[in-house]
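Quick notes on the structure that follows.
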Amino acid sequence: MTLVGVLALQGSFNEHIAVLRRLGVKGVEIRKPEQLQNVTSLIIPGGESTTMAKLAEYHNLFPSLREFVKMGRPVWGTCAGLIFLADKATGQKTGGQQLVGGLDCTVHRNFFGSQIQSFEAEVLAPEVASKEGGPETFRGVFIRAPAILEAGPEVQVLADYPVPSNISTSPYSSGEEQKENVEQSKVIVAVRQGNILATAFHPELTADTRWHSYFLKMANEIAETSNSQLQLQVNINYSQKQLNELPIFQ
Amino acid sequence: MEGSGVVTVYGNGAITETKKSPFSVKVGLAQMLRGGVIMDVVNADQARVAEEAGACAVMALERVPADIRAQGGVARMSDPQLIKEIKQAVTIPVMAKARIGHFVEAQILEAIGIDYVDESEVLTLADEDNHINKHNFRIPFVCGCRNLGEALRRIREGAAMIRTKGEAGTGNIVEAVRHVRSVMGDIRVLRNMDDDEVFTFSKKIAAPYDLVMQTKQLGRLPVVHFAAGGVATPADAALMMQLGCDGVFVGSGVFKSGDPAKRARAIVQAVTHYSDPEVLAEVSCGLGEAMVGINLNDDKVERFANRSE
């Protein structure tokens, strides 16, 4: 039985747990550092990255999160989670925010602008589609989404997206980055580097479970090679209330 | 669609899916706010304090509800200049209030590019009968409710997020509890109801049948549901979460208290760890003075919640 941790400080953690449940996998809410020891992989959900960083700081989660990533345990970040995992982020609040790091790339927070500029689009991800089957494209929900501006050589690009023309009106981008963005025709929205998966959009808000199953397979591969520690976690007390989930809009 | 002679059913393009921002994307941002605290702020400094404390969004206002209550007069949309300043000061989403039925105020708020509009009973009514047709906007809306019927009526009008009305600016949680209990209680009744009885139930609560049926199937409101109105302490916030809300609005509770930064931080932590009494005890310690509460048994206190149906 695989146990997947979902960082439950704020944001769409219930949605992730609901998708995992649909795949027959238990998701465990992680709110404190010691809870990380019970899980072998971790999902960092979407939400407000500033808020999540603050809450992680209050409870001193950053050292254990960094440790978790360093140990090579599988981690997946969506949206705010992507920002968490990036080595460098731009467009942050004054004073910046702490990051977990581990993913060799530069992320622009709120690259796509504010809520009005949020959108849905078909995203082409051949690598994931070939492994998981189904249609070539994925329904990507971009909500005040970040984007990856630069990725290191180790990073495998899973999906990119043409930059929409309305980016120039984004009140979040600062002047210097603005010029860069206009010249780029595509930005990276999904990557994998070793055991780290990151997406700028929200697969947890759609009925498509392929990204989750891709992540679970990734986690299983790693578990097999490292002589399966999974068996240890049989008797974990799972006393979470069954939560009712929001509808998924088709 | 008009004049084409075609009967349009709900959800078939005309009503729920409009312009570039489909309803699902609007609901999406609200989903990102889950488990978070949204704080009322009146200037950029307060907005920074709220962001620093870990608020997941701020509500930009000229006066917090407690002051609106104290000063009286007509309460309107805030000066767009102030909202812009607040928006520039922080990176978290910014909301602003428009009067009920005042769709031009909502258009102005959409034009200045804020993230969410609160069609709020805290401001003076602009239209006593009609709410804003929120499907006409690309920007998402949050609306107040006292019971299930009211919540579903607002969702049919296009609200992408619901909050209980409570009684804003009183620091008294009693009304918020009443409203959350009413919504959750009705949903529990609905869940155990025979499908045949749902038609009459819809009529009784004056809500659209399809949304009532969807609520029955989901076992919850089909959009994110926050609590608001009277939250003043970390314990109040955790109470709302334990009653089943997805997050909390704190209006006057933070910046009308003795130590706003500390209280804001405590409420944020209380919402995350709402079911962990040890953490709640820890964060509730030494917060200084809470806002002055108003006893709602006094007849002179105006009930904002009853302003709209």
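Residue numbers start at 1 in each chain; chains themselves are named A, B, ... in the order of the structure tokens; ligands are numbered from 1 in the order shown.
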Selection near A:Leu216, 10 Å with only C-alpha atoms, sequence-local residues under 2 positions removed, as a PyMOL selection string:
chain A and resi 2+4+20+23+25+41+74+76+210-214+218-222
Residues of chain B within 7 Å of chain A, counting only C-alpha atoms, as a ChimeraX atom specification
/B:21,24-25,28-29,31-36,54-56,90-92,113,115,138-139,218-220,222-223,269,272
Output file for the residues above (C-alpha atoms, as an mmCIF file, in the first residue's frame):
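New file result.cif:
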data_model
loop_
_atom_site.group_PDB
_atom_site.id
_atom_site.type_symbol
_atom_site.label_atom_id
_atom_site.label_comp_id
_atom_site.auth_asym_id
_atom_site.auth_seq_id
_atom_site.Cartn_x
_atom_site.Cartn_y
_atom_site.Cartn_z
ATOM 1 C CA SER B 21 -13.411 32.939 -18.295
ATOM 2 C CA SER B 24 -14.678 26.292 -13.918
ATOM 3 C CA VAL B 25 -11.731 28.703 -13.978
ATOM 4 C CA GLY B 28 -10.657 27.293 -9.627
ATOM 5 C CA LEU B 29 -9.217 30.394 -7.986
ATOM 6 C CA GLN B 31 -10.315 26.362 -4.770
ATOM 7 C CA MET B 32 -6.789 27.734 -4.470
ATOM 8 C CA LEU B 33 -7.963 29.812 -1.497
ATOM 9 C CA ARG B 34 -9.204 26.788 0.441
ATOM 10 C CA GLY B 35 -7.877 26.397 3.923
ATOM 11 C CA GLY B 36 -6.937 30.045 3.928
ATOM 12 C CA GLY B 54 -0.037 34.387 5.755
ATOM 13 C CA ALA B 55 -3.452 35.582 4.557
ATOM 14 C CA CYS B 56 -4.346 33.903 1.252
ATOM 15 C CA VAL B 90 0.951 42.648 -2.309
ATOM 16 C CA THR B 91 1.262 39.580 -4.534
ATOM 17 C CA ILE B 92 -1.660 37.660 -3.044
ATOM 18 C CA GLY B 113 -8.001 44.228 -12.668
ATOM 19 C CA ASP B 115 -9.004 39.297 -8.577
ATOM 20 C CA ARG B 138 -15.034 37.638 -16.564
ATOM 21 C CA ILE B 139 -14.105 38.342 -12.991
ATOM 22 C CA LEU B 218 -21.986 16.070 -3.998
ATOM 23 C CA GLY B 219 -23.040 16.303 -0.374
ATOM 24 C CA ARG B 220 -21.752 19.880 -0.273
ATOM 25 C CA PRO B 222 -20.921 22.998 -5.605
ATOM 26 C CA VAL B 223 -18.540 25.932 -5.023
ATOM 27 C CA GLN B 269 -2.455 29.050 11.915
ATOM 28 C CA THR B 272 -4.615 25.352 8.984
#
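Note that atom CA of A:Gly27 and atom CA of A:Thr209 are 14.3 Å apart.
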Would you mind writing down, as a short mmCIF file (atom, residue, chain, number, x, y, z; two decimals) with C-alpha atoms, in the first residue's frame, each residue of stretch 119-199 of chain B that DSSP on the backbone assigns to strand (DSSP E)?
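Result file states_2.cif:
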data_model
loop_
_atom_site.label_atom_id
_atom_site.label_comp_id
_atom_site.auth_asym_id
_atom_site.auth_seq_id
_atom_site.Cartn_x
_atom_site.Cartn_y
_atom_site.Cartn_z
CA GLU B 119 -21.18 41.54 -3.82
CA SER B 120 -21.71 42.48 -0.23
CA PHE B 141 -17.73 36.90 -7.58
CA VAL B 142 -18.20 35.92 -3.97
CA CYS B 143 -21.64 36.37 -2.37
CA GLY B 144 -23.11 36.02 1.09
CA CYS B 145 -25.81 33.60 2.18
CA MET B 161 -17.65 31.32 -4.21
CA ILE B 162 -20.07 31.54 -1.29
CA ARG B 163 -19.56 32.92 2.19
CA THR B 164 -21.97 32.87 5.08
#
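Atom CA of B:Asp129 sits 27.4 Å away from atom CA of B:Asp298.
Comparing the minimum interatomic distances between B:Glu289 and each of B:Pro208, B:Val271, B:Leu243, B:Ala232, counting only C-alpha atoms, we find that B:Ala232 sits nearest.
You will find atom CA of B:Glu62 at 26.4 Å from atom CA of B:His179.
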Of the listed residues B:Ala264, B:Met77, B:Met213, B:Ala30, that which approaches B:Ala47 most closely, counting only C-alpha atoms:
B:Ala264
Skip A:Thr199 itself and residues of its chain fewer than 3 positions away, then list as a PyMOL selection string all residues within 10 Å of it, counting only C-alpha atoms.
chain A and resi 46+76-83+140+145-148+158-159+188-192+202-203+211
Excluding stretch 110-112 of chain B and its own-chain neighbours fewer than 3 positions away, which residues fall within 10 Å of it when counting only C-alpha atoms? Please give them as a list of chain:residue names.
A:Ile116, B:Pro80, B:Gln81, B:Ile83, B:Lys84, B:Lys87, B:Ala96, B:Val104, B:Glu105, B:Ala106, B:Gln107, B:Asp115, B:Tyr116, B:Val117, B:Phe137, B:Arg138, B:Ile139, B:Pro140
May I have the selected residues written with C-alpha atoms, as a tab-separated table (two decimals), in the first residue's frame?
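Below you can see again_28.tsv, which holds the result:
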chain	number	residue	atom	x	y	z
A	116	ILE	CA	-8.85	37.77	-14.98
B	80	PRO	CA	-10.37	52.55	-7.05
B	81	GLN	CA	-7.13	54.42	-6.35
B	83	ILE	CA	-7.70	49.42	-4.28
B	84	LYS	CA	-4.95	49.85	-6.88
B	87	LYS	CA	-3.02	45.63	-5.19
B	96	ALA	CA	-13.07	44.39	-3.31
B	104	VAL	CA	-21.42	49.33	-12.70
B	105	GLU	CA	-19.33	49.25	-9.53
B	106	ALA	CA	-18.53	45.65	-10.47
B	107	GLN	CA	-17.56	46.77	-14.01
B	115	ASP	CA	-9.00	39.30	-8.58
B	116	TYR	CA	-12.44	38.90	-6.99
B	117	VAL	CA	-15.56	40.99	-6.39
B	137	PHE	CA	-18.39	39.25	-15.98
B	138	ARG	CA	-15.03	37.64	-16.56
B	139	ILE	CA	-14.11	38.34	-12.99
B	140	PRO	CA	-15.33	35.87	-10.35
I'd like the neighbourhood of stretch 247-258 of chain B as a PyMOL selection string, where a residue qualifies if any of its atoms comes within 6 Å (using only C-alpha atoms), though same-chain residues fewer than 4 positions away should be ignored.
chain B and resi 34-40+64+66+169+226-228+231-232+264+288-291
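Using only C-alpha atoms, the contacts of A:Arg66 at a cut-off of 8 Å, with sequence neighbours closer than 4 positions omitted, comprise A:Phe62, A:Lys70, A:Val100, A:Gly101, A:Gly102.
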